[in-house]
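Printed here is coords-v4.txt (compact mmCIF, N, CA and C atoms):
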```txt
# COMPACT_ATOMS: atom_id res chain seq x y z
N MET A 1 68.67 72.61 128.28
CA MET A 1 69.57 72.11 127.26
C MET A 1 70.97 72.66 127.53
N ASN A 2 71.96 71.79 127.55
CA ASN A 2 73.34 72.17 127.80
C ASN A 2 74.04 72.48 126.48
N LEU A 3 74.39 73.75 126.27
CA LEU A 3 75.07 74.16 125.04
C LEU A 3 76.58 74.19 125.21
N ASP A 4 77.07 73.78 126.37
CA ASP A 4 78.50 73.80 126.61
C ASP A 4 79.21 72.62 125.95
N VAL A 5 78.47 71.61 125.55
CA VAL A 5 79.07 70.40 125.01
C VAL A 5 78.52 70.15 123.61
N ILE A 6 79.41 69.94 122.68
CA ILE A 6 79.02 69.56 121.33
C ILE A 6 79.60 68.18 121.07
N TYR A 7 78.76 67.26 120.69
CA TYR A 7 79.20 65.91 120.41
C TYR A 7 79.29 65.70 118.90
N VAL A 8 80.41 65.20 118.46
CA VAL A 8 80.55 64.75 117.09
C VAL A 8 80.60 63.23 117.20
N LYS A 9 79.53 62.60 116.78
CA LYS A 9 79.41 61.17 117.00
C LYS A 9 79.95 60.37 115.82
N MET A 10 80.68 59.34 116.15
CA MET A 10 81.14 58.36 115.17
C MET A 10 80.31 57.10 115.37
N SER A 11 79.95 56.51 114.28
CA SER A 11 79.21 55.25 114.37
C SER A 11 80.20 54.12 114.67
N THR A 12 79.66 52.95 114.93
CA THR A 12 80.53 51.80 115.16
C THR A 12 81.32 51.47 113.90
N LYS A 13 80.79 51.79 112.72
CA LYS A 13 81.54 51.54 111.48
C LYS A 13 82.89 52.25 111.51
N GLY A 14 82.88 53.52 111.85
CA GLY A 14 84.11 54.29 111.90
C GLY A 14 85.04 53.82 113.01
N ARG A 15 84.48 53.61 114.18
CA ARG A 15 85.30 53.17 115.32
C ARG A 15 85.91 51.79 115.06
N TYR A 16 85.11 50.87 114.54
CA TYR A 16 85.62 49.53 114.30
C TYR A 16 86.58 49.48 113.13
N ALA A 17 86.38 50.32 112.12
CA ALA A 17 87.34 50.39 111.01
C ALA A 17 88.69 50.86 111.55
N LEU A 18 88.66 51.86 112.40
CA LEU A 18 89.89 52.37 113.00
C LEU A 18 90.52 51.32 113.91
N THR A 19 89.72 50.63 114.68
CA THR A 19 90.21 49.57 115.56
C THR A 19 90.87 48.46 114.73
N THR A 20 90.23 48.08 113.64
CA THR A 20 90.77 47.03 112.77
C THR A 20 92.09 47.47 112.14
N MET A 21 92.13 48.69 111.65
CA MET A 21 93.36 49.20 111.04
C MET A 21 94.48 49.30 112.08
N MET A 22 94.14 49.68 113.30
CA MET A 22 95.15 49.73 114.36
C MET A 22 95.66 48.33 114.70
N TYR A 23 94.75 47.37 114.74
CA TYR A 23 95.16 46.00 115.02
C TYR A 23 96.15 45.52 113.96
N LEU A 24 95.81 45.78 112.70
CA LEU A 24 96.70 45.38 111.61
C LEU A 24 98.01 46.17 111.64
N ALA A 25 97.95 47.42 112.03
CA ALA A 25 99.16 48.24 112.14
C ALA A 25 100.07 47.71 113.24
N ASN A 26 99.48 47.26 114.33
CA ASN A 26 100.27 46.68 115.42
C ASN A 26 100.98 45.41 115.00
N HIS A 27 100.47 44.74 113.98
CA HIS A 27 101.07 43.50 113.49
C HIS A 27 101.76 43.69 112.14
N TYR A 28 101.98 44.93 111.77
CA TYR A 28 102.54 45.23 110.45
C TYR A 28 103.91 44.59 110.25
N SER A 29 104.77 44.66 111.24
CA SER A 29 106.13 44.15 111.09
C SER A 29 106.17 42.62 111.03
N ASP A 30 105.08 41.97 111.40
CA ASP A 30 105.04 40.50 111.37
C ASP A 30 105.02 39.94 109.95
N GLU A 31 104.63 40.78 109.00
CA GLU A 31 104.54 40.38 107.59
C GLU A 31 103.60 39.20 107.37
N LYS A 32 102.73 38.93 108.32
CA LYS A 32 101.79 37.83 108.13
C LYS A 32 100.38 38.39 107.95
N TYR A 33 99.56 37.55 107.37
CA TYR A 33 98.15 37.91 107.18
C TYR A 33 97.38 37.54 108.44
N ILE A 34 96.49 38.42 108.85
CA ILE A 34 95.72 38.24 110.08
C ILE A 34 94.29 37.86 109.69
N SER A 35 93.79 36.80 110.31
CA SER A 35 92.43 36.35 110.00
C SER A 35 91.39 37.26 110.64
N LEU A 36 90.22 37.30 110.03
CA LEU A 36 89.12 38.07 110.62
C LEU A 36 88.74 37.51 111.98
N LYS A 37 88.82 36.21 112.12
CA LYS A 37 88.47 35.59 113.40
C LYS A 37 89.39 36.09 114.50
N GLU A 38 90.69 36.20 114.20
CA GLU A 38 91.63 36.71 115.20
C GLU A 38 91.28 38.15 115.60
N ILE A 39 91.00 38.98 114.61
CA ILE A 39 90.66 40.38 114.91
C ILE A 39 89.35 40.43 115.69
N SER A 40 88.36 39.67 115.23
CA SER A 40 87.05 39.65 115.86
C SER A 40 87.16 39.22 117.33
N ASP A 41 87.88 38.13 117.57
CA ASP A 41 88.04 37.62 118.94
C ASP A 41 88.83 38.59 119.81
N SER A 42 89.89 39.13 119.26
CA SER A 42 90.77 40.01 120.04
C SER A 42 90.10 41.34 120.38
N GLU A 43 89.33 41.88 119.44
CA GLU A 43 88.76 43.22 119.61
C GLU A 43 87.28 43.20 120.04
N GLY A 44 86.68 42.02 120.11
CA GLY A 44 85.29 41.92 120.53
C GLY A 44 84.31 42.51 119.53
N ILE A 45 84.62 42.36 118.25
CA ILE A 45 83.75 42.86 117.18
C ILE A 45 83.06 41.66 116.54
N SER A 46 81.78 41.76 116.32
CA SER A 46 81.03 40.69 115.66
C SER A 46 81.71 40.33 114.33
N PHE A 47 81.89 39.04 114.10
CA PHE A 47 82.55 38.57 112.88
C PHE A 47 81.81 39.06 111.63
N LYS A 48 80.50 38.95 111.63
CA LYS A 48 79.69 39.37 110.47
C LYS A 48 79.83 40.87 110.22
N TYR A 49 79.81 41.65 111.27
CA TYR A 49 79.94 43.11 111.14
C TYR A 49 81.35 43.45 110.66
N LEU A 50 82.34 42.75 111.19
CA LEU A 50 83.72 42.98 110.80
C LEU A 50 83.93 42.65 109.32
N GLU A 51 83.25 41.64 108.82
CA GLU A 51 83.34 41.31 107.39
C GLU A 51 82.93 42.51 106.53
N LYS A 52 81.85 43.17 106.89
CA LYS A 52 81.37 44.33 106.14
C LYS A 52 82.39 45.47 106.21
N ILE A 53 82.93 45.70 107.38
CA ILE A 53 83.91 46.78 107.57
C ILE A 53 85.17 46.52 106.76
N VAL A 54 85.67 45.29 106.82
CA VAL A 54 86.89 44.93 106.10
C VAL A 54 86.65 44.93 104.59
N ASN A 55 85.47 44.51 104.16
CA ASN A 55 85.17 44.56 102.73
C ASN A 55 85.22 46.00 102.22
N ASN A 56 84.71 46.93 103.00
CA ASN A 56 84.75 48.34 102.62
C ASN A 56 86.20 48.85 102.58
N LEU A 57 86.99 48.51 103.59
CA LEU A 57 88.39 48.92 103.61
C LEU A 57 89.15 48.32 102.43
N ASN A 58 88.86 47.06 102.13
CA ASN A 58 89.51 46.39 101.01
C ASN A 58 89.09 47.03 99.68
N LYS A 59 87.81 47.31 99.53
CA LYS A 59 87.29 47.93 98.31
C LYS A 59 87.96 49.28 98.06
N ASN A 60 88.32 49.97 99.13
CA ASN A 60 88.96 51.27 99.03
C ASN A 60 90.49 51.18 99.02
N ASN A 61 91.00 49.97 98.81
CA ASN A 61 92.43 49.73 98.60
C ASN A 61 93.30 49.99 99.82
N TYR A 62 92.76 49.75 101.00
CA TYR A 62 93.53 49.93 102.24
C TYR A 62 94.21 48.64 102.68
N LEU A 63 93.71 47.51 102.20
CA LEU A 63 94.20 46.23 102.70
C LEU A 63 94.70 45.33 101.58
N ASP A 64 95.61 44.45 101.97
CA ASP A 64 96.08 43.39 101.10
C ASP A 64 95.41 42.11 101.60
N VAL A 65 94.84 41.34 100.69
CA VAL A 65 94.06 40.15 101.07
C VAL A 65 94.73 38.91 100.50
N GLN A 66 94.74 37.87 101.32
CA GLN A 66 95.21 36.56 100.86
C GLN A 66 94.14 35.55 101.19
N ARG A 67 93.71 34.80 100.22
CA ARG A 67 92.69 33.77 100.41
C ARG A 67 93.35 32.44 100.80
N GLY A 68 92.57 31.53 101.35
CA GLY A 68 93.07 30.20 101.65
C GLY A 68 93.31 29.97 103.12
N ASN A 69 93.94 28.82 103.42
CA ASN A 69 94.17 28.39 104.80
C ASN A 69 94.96 29.40 105.63
N ASN A 70 96.01 29.94 105.07
CA ASN A 70 96.83 30.92 105.80
C ASN A 70 96.46 32.34 105.39
N GLY A 71 95.25 32.49 104.93
CA GLY A 71 94.80 33.78 104.43
C GLY A 71 94.44 34.75 105.52
N GLY A 72 94.11 35.92 105.08
CA GLY A 72 93.71 36.97 106.01
C GLY A 72 93.97 38.33 105.39
N TYR A 73 94.24 39.29 106.26
CA TYR A 73 94.39 40.67 105.84
C TYR A 73 95.64 41.27 106.45
N LYS A 74 96.23 42.19 105.73
CA LYS A 74 97.30 43.02 106.28
C LYS A 74 97.23 44.37 105.59
N LEU A 75 97.92 45.33 106.17
CA LEU A 75 97.93 46.67 105.60
C LEU A 75 98.64 46.65 104.25
N LYS A 76 98.12 47.43 103.34
CA LYS A 76 98.73 47.55 102.01
C LYS A 76 99.95 48.48 102.05
N LYS A 77 99.95 49.42 103.00
CA LYS A 77 101.05 50.39 103.12
C LYS A 77 101.55 50.40 104.56
N LYS A 78 102.58 51.16 104.80
CA LYS A 78 103.12 51.31 106.16
C LYS A 78 102.12 52.10 107.02
N PRO A 79 102.09 51.83 108.33
CA PRO A 79 101.16 52.54 109.21
C PRO A 79 101.26 54.06 109.13
N GLU A 80 102.45 54.59 108.92
CA GLU A 80 102.60 56.05 108.85
C GLU A 80 102.03 56.65 107.57
N GLU A 81 101.65 55.81 106.63
CA GLU A 81 101.09 56.29 105.37
C GLU A 81 99.55 56.35 105.39
N TYR A 82 98.94 55.93 106.48
CA TYR A 82 97.49 55.97 106.62
C TYR A 82 97.10 57.14 107.52
N VAL A 83 96.31 58.05 106.98
CA VAL A 83 95.82 59.21 107.72
C VAL A 83 94.46 58.83 108.33
N ILE A 84 94.31 59.12 109.61
CA ILE A 84 93.08 58.75 110.33
C ILE A 84 91.84 59.36 109.68
N GLY A 85 91.93 60.59 109.23
CA GLY A 85 90.79 61.23 108.57
C GLY A 85 90.32 60.45 107.36
N ASP A 86 91.25 59.92 106.59
CA ASP A 86 90.88 59.14 105.41
C ASP A 86 90.15 57.86 105.79
N ILE A 87 90.64 57.19 106.82
CA ILE A 87 90.00 55.96 107.29
C ILE A 87 88.57 56.26 107.76
N LEU A 88 88.42 57.32 108.53
CA LEU A 88 87.08 57.68 109.03
C LEU A 88 86.14 58.07 107.89
N ARG A 89 86.64 58.82 106.92
CA ARG A 89 85.78 59.23 105.80
C ARG A 89 85.36 58.04 104.94
N VAL A 90 86.26 57.09 104.76
CA VAL A 90 85.92 55.87 104.01
C VAL A 90 84.84 55.09 104.74
N SER A 91 84.88 55.11 106.05
CA SER A 91 83.93 54.34 106.86
C SER A 91 82.65 55.10 107.16
N GLU A 92 82.79 56.37 107.51
CA GLU A 92 81.66 57.18 107.96
C GLU A 92 81.03 58.01 106.85
N GLY A 93 81.81 58.33 105.84
CA GLY A 93 81.36 59.32 104.87
C GLY A 93 81.85 60.67 105.35
N ASN A 94 81.07 61.67 105.17
CA ASN A 94 81.43 63.03 105.55
C ASN A 94 81.49 63.17 107.07
N LEU A 95 82.44 63.93 107.57
CA LEU A 95 82.58 64.15 109.02
C LEU A 95 81.95 65.45 109.48
N ALA A 96 81.09 66.03 108.65
CA ALA A 96 80.46 67.31 108.98
C ALA A 96 79.60 67.19 110.23
N PRO A 97 79.71 68.18 111.15
CA PRO A 97 78.91 68.12 112.38
C PRO A 97 77.44 68.41 112.14
N ILE A 98 77.10 69.07 111.03
CA ILE A 98 75.70 69.32 110.70
C ILE A 98 75.49 69.08 109.20
N GLU A 99 74.28 68.73 108.87
CA GLU A 99 73.93 68.34 107.50
C GLU A 99 74.19 69.43 106.47
N CYS A 100 73.99 70.68 106.82
CA CYS A 100 74.07 71.74 105.80
C CYS A 100 75.49 71.94 105.27
N LEU A 101 76.50 71.35 105.89
CA LEU A 101 77.87 71.46 105.39
C LEU A 101 78.23 70.37 104.38
N THR A 102 77.32 69.43 104.17
CA THR A 102 77.59 68.36 103.21
C THR A 102 77.27 68.83 101.80
N LYS A 103 77.86 68.16 100.82
CA LYS A 103 77.70 68.54 99.41
C LYS A 103 76.24 68.51 98.96
N ASN A 104 75.51 67.53 99.41
CA ASN A 104 74.14 67.33 98.93
C ASN A 104 73.10 67.95 99.85
N SER A 105 73.49 68.94 100.60
CA SER A 105 72.58 69.56 101.55
C SER A 105 71.44 70.28 100.85
N ASN A 106 70.27 70.17 101.46
CA ASN A 106 69.09 70.89 100.99
C ASN A 106 68.79 72.08 101.88
N CYS A 107 69.81 72.59 102.56
CA CYS A 107 69.62 73.70 103.49
C CYS A 107 69.15 74.94 102.73
N PHE A 108 67.99 75.42 103.09
CA PHE A 108 67.41 76.58 102.41
C PHE A 108 67.98 77.90 102.95
N ASN A 109 68.64 77.84 104.09
CA ASN A 109 69.09 79.05 104.76
C ASN A 109 70.62 79.17 104.76
N LYS A 110 71.29 78.33 103.99
CA LYS A 110 72.74 78.22 104.04
C LYS A 110 73.45 79.56 103.81
N ASN A 111 73.01 80.33 102.87
CA ASN A 111 73.68 81.60 102.54
C ASN A 111 73.42 82.71 103.55
N ASP A 112 72.32 82.61 104.30
CA ASP A 112 71.97 83.65 105.27
C ASP A 112 72.15 83.23 106.73
N CYS A 113 72.61 82.03 106.94
CA CYS A 113 72.73 81.48 108.30
C CYS A 113 73.81 82.22 109.07
N LYS A 114 73.45 82.75 110.22
CA LYS A 114 74.39 83.50 111.04
C LYS A 114 75.33 82.59 111.84
N MET A 115 75.01 81.30 111.90
CA MET A 115 75.86 80.36 112.63
C MET A 115 76.74 79.53 111.70
N CYS A 116 76.57 79.70 110.42
CA CYS A 116 77.31 78.87 109.47
C CYS A 116 78.81 78.95 109.67
N TYR A 117 79.35 80.15 109.95
CA TYR A 117 80.79 80.28 110.14
C TYR A 117 81.27 79.44 111.33
N PHE A 118 80.44 79.35 112.37
CA PHE A 118 80.79 78.53 113.54
C PHE A 118 80.89 77.06 113.15
N TRP A 119 79.85 76.56 112.49
CA TRP A 119 79.82 75.14 112.12
C TRP A 119 80.92 74.83 111.10
N LYS A 120 81.15 75.73 110.17
CA LYS A 120 82.22 75.55 109.19
C LYS A 120 83.57 75.54 109.89
N GLY A 121 83.76 76.41 110.87
CA GLY A 121 85.00 76.44 111.64
C GLY A 121 85.22 75.14 112.40
N LEU A 122 84.16 74.64 113.02
CA LEU A 122 84.25 73.36 113.74
C LEU A 122 84.59 72.23 112.78
N TYR A 123 83.93 72.22 111.65
CA TYR A 123 84.18 71.21 110.61
C TYR A 123 85.65 71.27 110.17
N ASP A 124 86.17 72.45 109.94
CA ASP A 124 87.57 72.60 109.54
C ASP A 124 88.51 72.09 110.63
N GLN A 125 88.19 72.38 111.89
CA GLN A 125 89.02 71.91 113.00
C GLN A 125 89.02 70.38 113.08
N ILE A 126 87.85 69.79 112.91
CA ILE A 126 87.74 68.32 112.92
C ILE A 126 88.62 67.74 111.82
N ASN A 127 88.46 68.25 110.60
CA ASN A 127 89.23 67.73 109.47
C ASN A 127 90.72 67.95 109.66
N ASN A 128 91.11 69.13 110.12
CA ASN A 128 92.54 69.39 110.34
C ASN A 128 93.12 68.43 111.37
N TYR A 129 92.36 68.17 112.42
CA TYR A 129 92.86 67.28 113.48
C TYR A 129 92.98 65.84 112.99
N VAL A 130 91.91 65.29 112.42
CA VAL A 130 91.96 63.88 112.01
C VAL A 130 92.92 63.66 110.84
N ASP A 131 93.20 64.74 110.09
CA ASP A 131 94.15 64.63 108.98
C ASP A 131 95.59 64.84 109.42
N SER A 132 95.79 65.16 110.69
CA SER A 132 97.15 65.38 111.19
C SER A 132 97.70 64.15 111.93
N ILE A 133 96.91 63.10 112.01
CA ILE A 133 97.30 61.92 112.77
C ILE A 133 97.31 60.71 111.86
N THR A 134 98.33 59.89 112.00
CA THR A 134 98.44 58.66 111.22
C THR A 134 98.20 57.44 112.11
N LEU A 135 98.07 56.30 111.48
CA LEU A 135 97.95 55.06 112.24
C LEU A 135 99.17 54.85 113.14
N LYS A 136 100.34 55.18 112.63
CA LYS A 136 101.56 55.02 113.44
C LYS A 136 101.49 55.90 114.69
N ASP A 137 100.98 57.13 114.53
CA ASP A 137 100.81 58.00 115.70
C ASP A 137 99.92 57.34 116.74
N LEU A 138 98.83 56.74 116.29
CA LEU A 138 97.89 56.10 117.22
C LEU A 138 98.50 54.90 117.92
N ILE A 139 99.19 54.05 117.17
CA ILE A 139 99.75 52.86 117.82
C ILE A 139 100.90 53.23 118.75
N ASN A 140 101.50 54.41 118.54
CA ASN A 140 102.53 54.89 119.45
C ASN A 140 101.95 55.70 120.60
N GLY A 141 100.62 55.77 120.67
CA GLY A 141 99.98 56.51 121.76
C GLY A 141 100.24 58.00 121.68
N GLY A 142 100.46 58.52 120.49
CA GLY A 142 100.70 59.95 120.32
C GLY A 142 102.14 60.35 120.53
N LYS A 143 102.98 59.39 120.86
CA LYS A 143 104.41 59.68 121.06
C LYS A 143 105.13 59.54 119.74
N ASN A 144 105.87 60.55 119.36
CA ASN A 144 106.66 60.47 118.12
C ASN A 144 107.85 59.55 118.32
N GLU A 145 107.99 58.64 117.39
CA GLU A 145 109.16 57.72 117.45
C GLU A 145 109.91 57.79 116.16
```
Kindly return the structure encoded in the file as structure tokens.
Amino acid sequence: MNLDVIYVKMSTKGRYALTTMMYLANHYSDEKYISLKEISDSEGISFKYLEKIVNNLNKNNYLDVQRGNNGGYKLKKKPEEYVIGDILRVSEGNLAPIECLTKNSNCFNKNDCKMCYFWKGLYDQINNYVDSITLKDLINGGKNE
């Protein structure tokens, strides 16, 4: 077993939510609504799966929706106002690397665990990192503009 590598896995829900938000951020200045079909075709995401992801983002007040022929989706706020950590948490839920750090954990050894500080430290690093980056940072490739 290789202990040199720790993977924090994101599901397709989180990755595709971020991809969708980035797509909309890239078209933010257009002031137009983007159809799900356009996003689906452009990003190679199943239309049905994208519907679920966008419904969740919309339910959490991240998107502005317009129905009808020229309908679609656009960001409700400016790209720099969206924190990546928030998008991932809305899509993934908790970003904890292990179950015992979640609120509803049934960990019987939590108070005596000798590794808890390590996992808590990793969790804090993950949250600090994803909370330090905005959609605008991502669409700029990490370059400040």
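Around the coordinate (87.2, 59.8, 111.9), residues that reach within 8 Å when counting only N, CA and C atoms are Met10, Gly14, Arg15, Leu18, Ile84, Gly85, Asp86, Ile87, Leu88, Arg89, Val90, Ser91, Glu92, Leu95, Val130 and Asp131 of chain A.
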Could those selected residues go to a file with N, CA and C atoms, as a JSON list (two decimals), in the coordinates of the input?
```
[["chain", "number", "residue", "atom", "x", "y", "z"],
["A", 10, "MET", "N", 80.68, 59.34, 116.15],
["A", 10, "MET", "CA", 81.14, 58.36, 115.17],
["A", 10, "MET", "C", 80.31, 57.10, 115.37],
["A", 14, "GLY", "N", 82.88, 53.52, 111.85],
["A", 14, "GLY", "CA", 84.11, 54.29, 111.90],
["A", 14, "GLY", "C", 85.04, 53.82, 113.01],
["A", 15, "ARG", "N", 84.48, 53.61, 114.18],
["A", 15, "ARG", "CA", 85.30, 53.17, 115.32],
["A", 15, "ARG", "C", 85.91, 51.79, 115.06],
["A", 18, "LEU", "N", 88.66, 51.86, 112.40],
["A", 18, "LEU", "CA", 89.89, 52.37, 113.00],
["A", 18, "LEU", "C", 90.52, 51.32, 113.91],
["A", 84, "ILE", "N", 94.31, 59.12, 109.61],
["A", 84, "ILE", "CA", 93.08, 58.75, 110.33],
["A", 84, "ILE", "C", 91.84, 59.36, 109.68],
["A", 85, "GLY", "N", 91.93, 60.59, 109.23],
["A", 85, "GLY", "CA", 90.79, 61.23, 108.57],
["A", 85, "GLY", "C", 90.32, 60.45, 107.36],
["A", 86, "ASP", "N", 91.25, 59.92, 106.59],
["A", 86, "ASP", "CA", 90.88, 59.14, 105.41],
["A", 86, "ASP", "C", 90.15, 57.86, 105.79],
["A", 87, "ILE", "N", 90.64, 57.19, 106.82],
["A", 87, "ILE", "CA", 90.00, 55.96, 107.29],
["A", 87, "ILE", "C", 88.57, 56.26, 107.76],
["A", 88, "LEU", "N", 88.42, 57.32, 108.53],
["A", 88, "LEU", "CA", 87.08, 57.68, 109.03],
["A", 88, "LEU", "C", 86.14, 58.07, 107.89],
["A", 89, "ARG", "N", 86.64, 58.82, 106.92],
["A", 89, "ARG", "CA", 85.78, 59.23, 105.80],
["A", 89, "ARG", "C", 85.36, 58.04, 104.94],
["A", 90, "VAL", "N", 86.26, 57.09, 104.76],
["A", 90, "VAL", "CA", 85.92, 55.87, 104.01],
["A", 90, "VAL", "C", 84.84, 55.09, 104.74],
["A", 91, "SER", "N", 84.88, 55.11, 106.05],
["A", 91, "SER", "CA", 83.93, 54.34, 106.86],
["A", 91, "SER", "C", 82.65, 55.10, 107.16],
["A", 92, "GLU", "N", 82.79, 56.37, 107.51],
["A", 92, "GLU", "CA", 81.66, 57.18, 107.96],
["A", 92, "GLU", "C", 81.03, 58.01, 106.85],
["A", 95, "LEU", "N", 82.44, 63.93, 107.57],
["A", 95, "LEU", "CA", 82.58, 64.15, 109.02],
["A", 95, "LEU", "C", 81.95, 65.45, 109.48],
["A", 130, "VAL", "N", 91.91, 65.29, 112.42],
["A", 130, "VAL", "CA", 91.96, 63.88, 112.01],
["A", 130, "VAL", "C", 92.92, 63.66, 110.84],
["A", 131, "ASP", "N", 93.20, 64.74, 110.09],
["A", 131, "ASP", "CA", 94.15, 64.63, 108.98],
["A", 131, "ASP", "C", 95.59, 64.84, 109.42]]
```
List as a PDB file with N, CA and C atoms, in the coordinates of the input: which residues have an atom within 9 Å of (77.7, 68.4, 111.5), counting only C-alpha atoms?
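Now in part_26.pdb:
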```
ATOM      1  N   VAL A   8      80.410  65.200 118.460  1.00  0.00           N
ATOM      2  CA  VAL A   8      80.550  64.750 117.090  1.00  0.00           C
ATOM      3  C   VAL A   8      80.600  63.230 117.200  1.00  0.00           C
ATOM      4  N   ASN A  94      81.070  61.670 105.170  1.00  0.00           N
ATOM      5  CA  ASN A  94      81.430  63.030 105.550  1.00  0.00           C
ATOM      6  C   ASN A  94      81.490  63.170 107.070  1.00  0.00           C
ATOM      7  N   LEU A  95      82.440  63.930 107.570  1.00  0.00           N
ATOM      8  CA  LEU A  95      82.580  64.150 109.020  1.00  0.00           C
ATOM      9  C   LEU A  95      81.950  65.450 109.480  1.00  0.00           C
ATOM     10  N   ALA A  96      81.090  66.030 108.650  1.00  0.00           N
ATOM     11  CA  ALA A  96      80.460  67.310 108.980  1.00  0.00           C
ATOM     12  C   ALA A  96      79.600  67.190 110.230  1.00  0.00           C
ATOM     13  N   PRO A  97      79.710  68.180 111.150  1.00  0.00           N
ATOM     14  CA  PRO A  97      78.910  68.120 112.380  1.00  0.00           C
ATOM     15  C   PRO A  97      77.440  68.410 112.140  1.00  0.00           C
ATOM     16  N   ILE A  98      77.100  69.070 111.030  1.00  0.00           N
ATOM     17  CA  ILE A  98      75.700  69.320 110.700  1.00  0.00           C
ATOM     18  C   ILE A  98      75.490  69.080 109.200  1.00  0.00           C
ATOM     19  N   GLU A  99      74.280  68.730 108.870  1.00  0.00           N
ATOM     20  CA  GLU A  99      73.930  68.340 107.500  1.00  0.00           C
ATOM     21  C   GLU A  99      74.190  69.430 106.470  1.00  0.00           C
ATOM     22  N   CYS A 100      73.990  70.680 106.820  1.00  0.00           N
ATOM     23  CA  CYS A 100      74.070  71.740 105.800  1.00  0.00           C
ATOM     24  C   CYS A 100      75.490  71.940 105.270  1.00  0.00           C
ATOM     25  N   LEU A 101      76.500  71.350 105.890  1.00  0.00           N
ATOM     26  CA  LEU A 101      77.870  71.460 105.390  1.00  0.00           C
ATOM     27  C   LEU A 101      78.230  70.370 104.380  1.00  0.00           C
ATOM     28  N   THR A 102      77.320  69.430 104.170  1.00  0.00           N
ATOM     29  CA  THR A 102      77.590  68.360 103.210  1.00  0.00           C
ATOM     30  C   THR A 102      77.270  68.830 101.800  1.00  0.00           C
ATOM     31  N   TRP A 119      79.850  76.560 112.490  1.00  0.00           N
ATOM     32  CA  TRP A 119      79.820  75.140 112.120  1.00  0.00           C
ATOM     33  C   TRP A 119      80.920  74.830 111.100  1.00  0.00           C
ATOM     34  N   LYS A 120      81.150  75.730 110.170  1.00  0.00           N
ATOM     35  CA  LYS A 120      82.220  75.550 109.190  1.00  0.00           C
ATOM     36  C   LYS A 120      83.570  75.540 109.890  1.00  0.00           C
ATOM     37  N   LEU A 122      84.160  74.640 113.020  1.00  0.00           N
ATOM     38  CA  LEU A 122      84.250  73.360 113.740  1.00  0.00           C
ATOM     39  C   LEU A 122      84.590  72.230 112.780  1.00  0.00           C
ATOM     40  N   TYR A 123      83.930  72.220 111.650  1.00  0.00           N
ATOM     41  CA  TYR A 123      84.180  71.210 110.610  1.00  0.00           C
ATOM     42  C   TYR A 123      85.650  71.270 110.170  1.00  0.00           C
TER      43      TYR A 123
END
```
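Relative to atom N of A:Leu135, atom CA of A:Pro79 is found at 5.4 Å.
If you look at atom C of A:Val54 and atom C of A:Thr134, they are 18.6 Å away from each other.
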- Message: I'd like to know which of A:Ile126, A:Tyr82, A:Phe118, A:Asp137 is closest to A:Leu57, using only C-alpha atoms.
- Response: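 That would be A:Tyr82, the residue with the smallest distance to A:Leu57.
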- Task: Between atom CA of A:Met21 and atom CA of A:Lys76, measure the distance and give it in Å to one decimal.
- Result: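 Those two atoms sit 10.6 Å apart.
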With a distance cut-off of 8 Å and only C-alpha atoms, select the neighbouring residues of stretch 38-42 of chain A, excluding the residue or stretch itself and same-chain residues fewer than 6 positions from it, and output the selection as a PDB file with N, CA and C atoms, in the frame of the given file.
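And here's part-v8.pdb as it stands now:
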```pdb
ATOM      1  N   THR A  20      90.230  48.080 113.640  1.00  0.00           N
ATOM      2  CA  THR A  20      90.770  47.030 112.770  1.00  0.00           C
ATOM      3  C   THR A  20      92.090  47.470 112.140  1.00  0.00           C
ATOM      4  N   TYR A  23      94.750  47.370 114.740  1.00  0.00           N
ATOM      5  CA  TYR A  23      95.160  46.000 115.020  1.00  0.00           C
ATOM      6  C   TYR A  23      96.150  45.520 113.960  1.00  0.00           C
ATOM      7  N   LEU A  50      82.340  42.750 111.190  1.00  0.00           N
ATOM      8  CA  LEU A  50      83.720  42.980 110.800  1.00  0.00           C
ATOM      9  C   LEU A  50      83.930  42.650 109.320  1.00  0.00           C
TER      10      LEU A  50
END
```
- Pick from A:Lys52, A:Lys74, A:Lys136, A:Lys114, whichever lies nearest to A:Tyr28 using only N, CA and C atoms: A:Lys74
- Query: Which of stretch 12-136 of chain A counts as alpha helix (DSSP H) under DSSP, as a ChimeraX atom specification please?
  - Reply: /A:12-26,36-43,47-59,84-92,116-130,135-136
- Task: Return the single residue from A:Asn104, A:Ser46, A:Ser132, A:Asn70 that is closest to A:Thr12, with distances computed using only C-alpha atoms.
- Result: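 Between A:Asn104, A:Ser46, A:Ser132, A:Asn70, the residue approaching A:Thr12 most closely is A:Ser46.
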- Message: I need the residues of stretch 5-138 of chain A that end up classed as strand (DSSP E) by DSSP on the backbone, written out as a ChimeraX atom specification.
- Response: /A:63-66,72-75
Write out, as an mmCIF file, in the frame of the given file, the residues just selected, with N, CA and C atoms.
```
data_model
loop_
_atom_site.group_PDB
_atom_site.id
_atom_site.type_symbol
_atom_site.label_atom_id
_atom_site.label_comp_id
_atom_site.auth_asym_id
_atom_site.auth_seq_id
_atom_site.Cartn_x
_atom_site.Cartn_y
_atom_site.Cartn_z
ATOM 1 N N LEU A 63 93.710 47.510 102.200
ATOM 2 C CA LEU A 63 94.200 46.230 102.700
ATOM 3 C C LEU A 63 94.700 45.330 101.580
ATOM 4 N N ASP A 64 95.610 44.450 101.970
ATOM 5 C CA ASP A 64 96.080 43.390 101.100
ATOM 6 C C ASP A 64 95.410 42.110 101.600
ATOM 7 N N VAL A 65 94.840 41.340 100.690
ATOM 8 C CA VAL A 65 94.060 40.150 101.070
ATOM 9 C C VAL A 65 94.730 38.910 100.500
ATOM 10 N N GLN A 66 94.740 37.870 101.320
ATOM 11 C CA GLN A 66 95.210 36.560 100.860
ATOM 12 C C GLN A 66 94.140 35.550 101.190
ATOM 13 N N GLY A 72 94.110 35.920 105.080
ATOM 14 C CA GLY A 72 93.710 36.970 106.010
ATOM 15 C C GLY A 72 93.970 38.330 105.390
ATOM 16 N N TYR A 73 94.240 39.290 106.260
ATOM 17 C CA TYR A 73 94.390 40.670 105.840
ATOM 18 C C TYR A 73 95.640 41.270 106.450
ATOM 19 N N LYS A 74 96.230 42.190 105.730
ATOM 20 C CA LYS A 74 97.300 43.020 106.280
ATOM 21 C C LYS A 74 97.230 44.370 105.590
ATOM 22 N N LEU A 75 97.920 45.330 106.170
ATOM 23 C CA LEU A 75 97.930 46.670 105.600
ATOM 24 C C LEU A 75 98.640 46.650 104.250
#
```
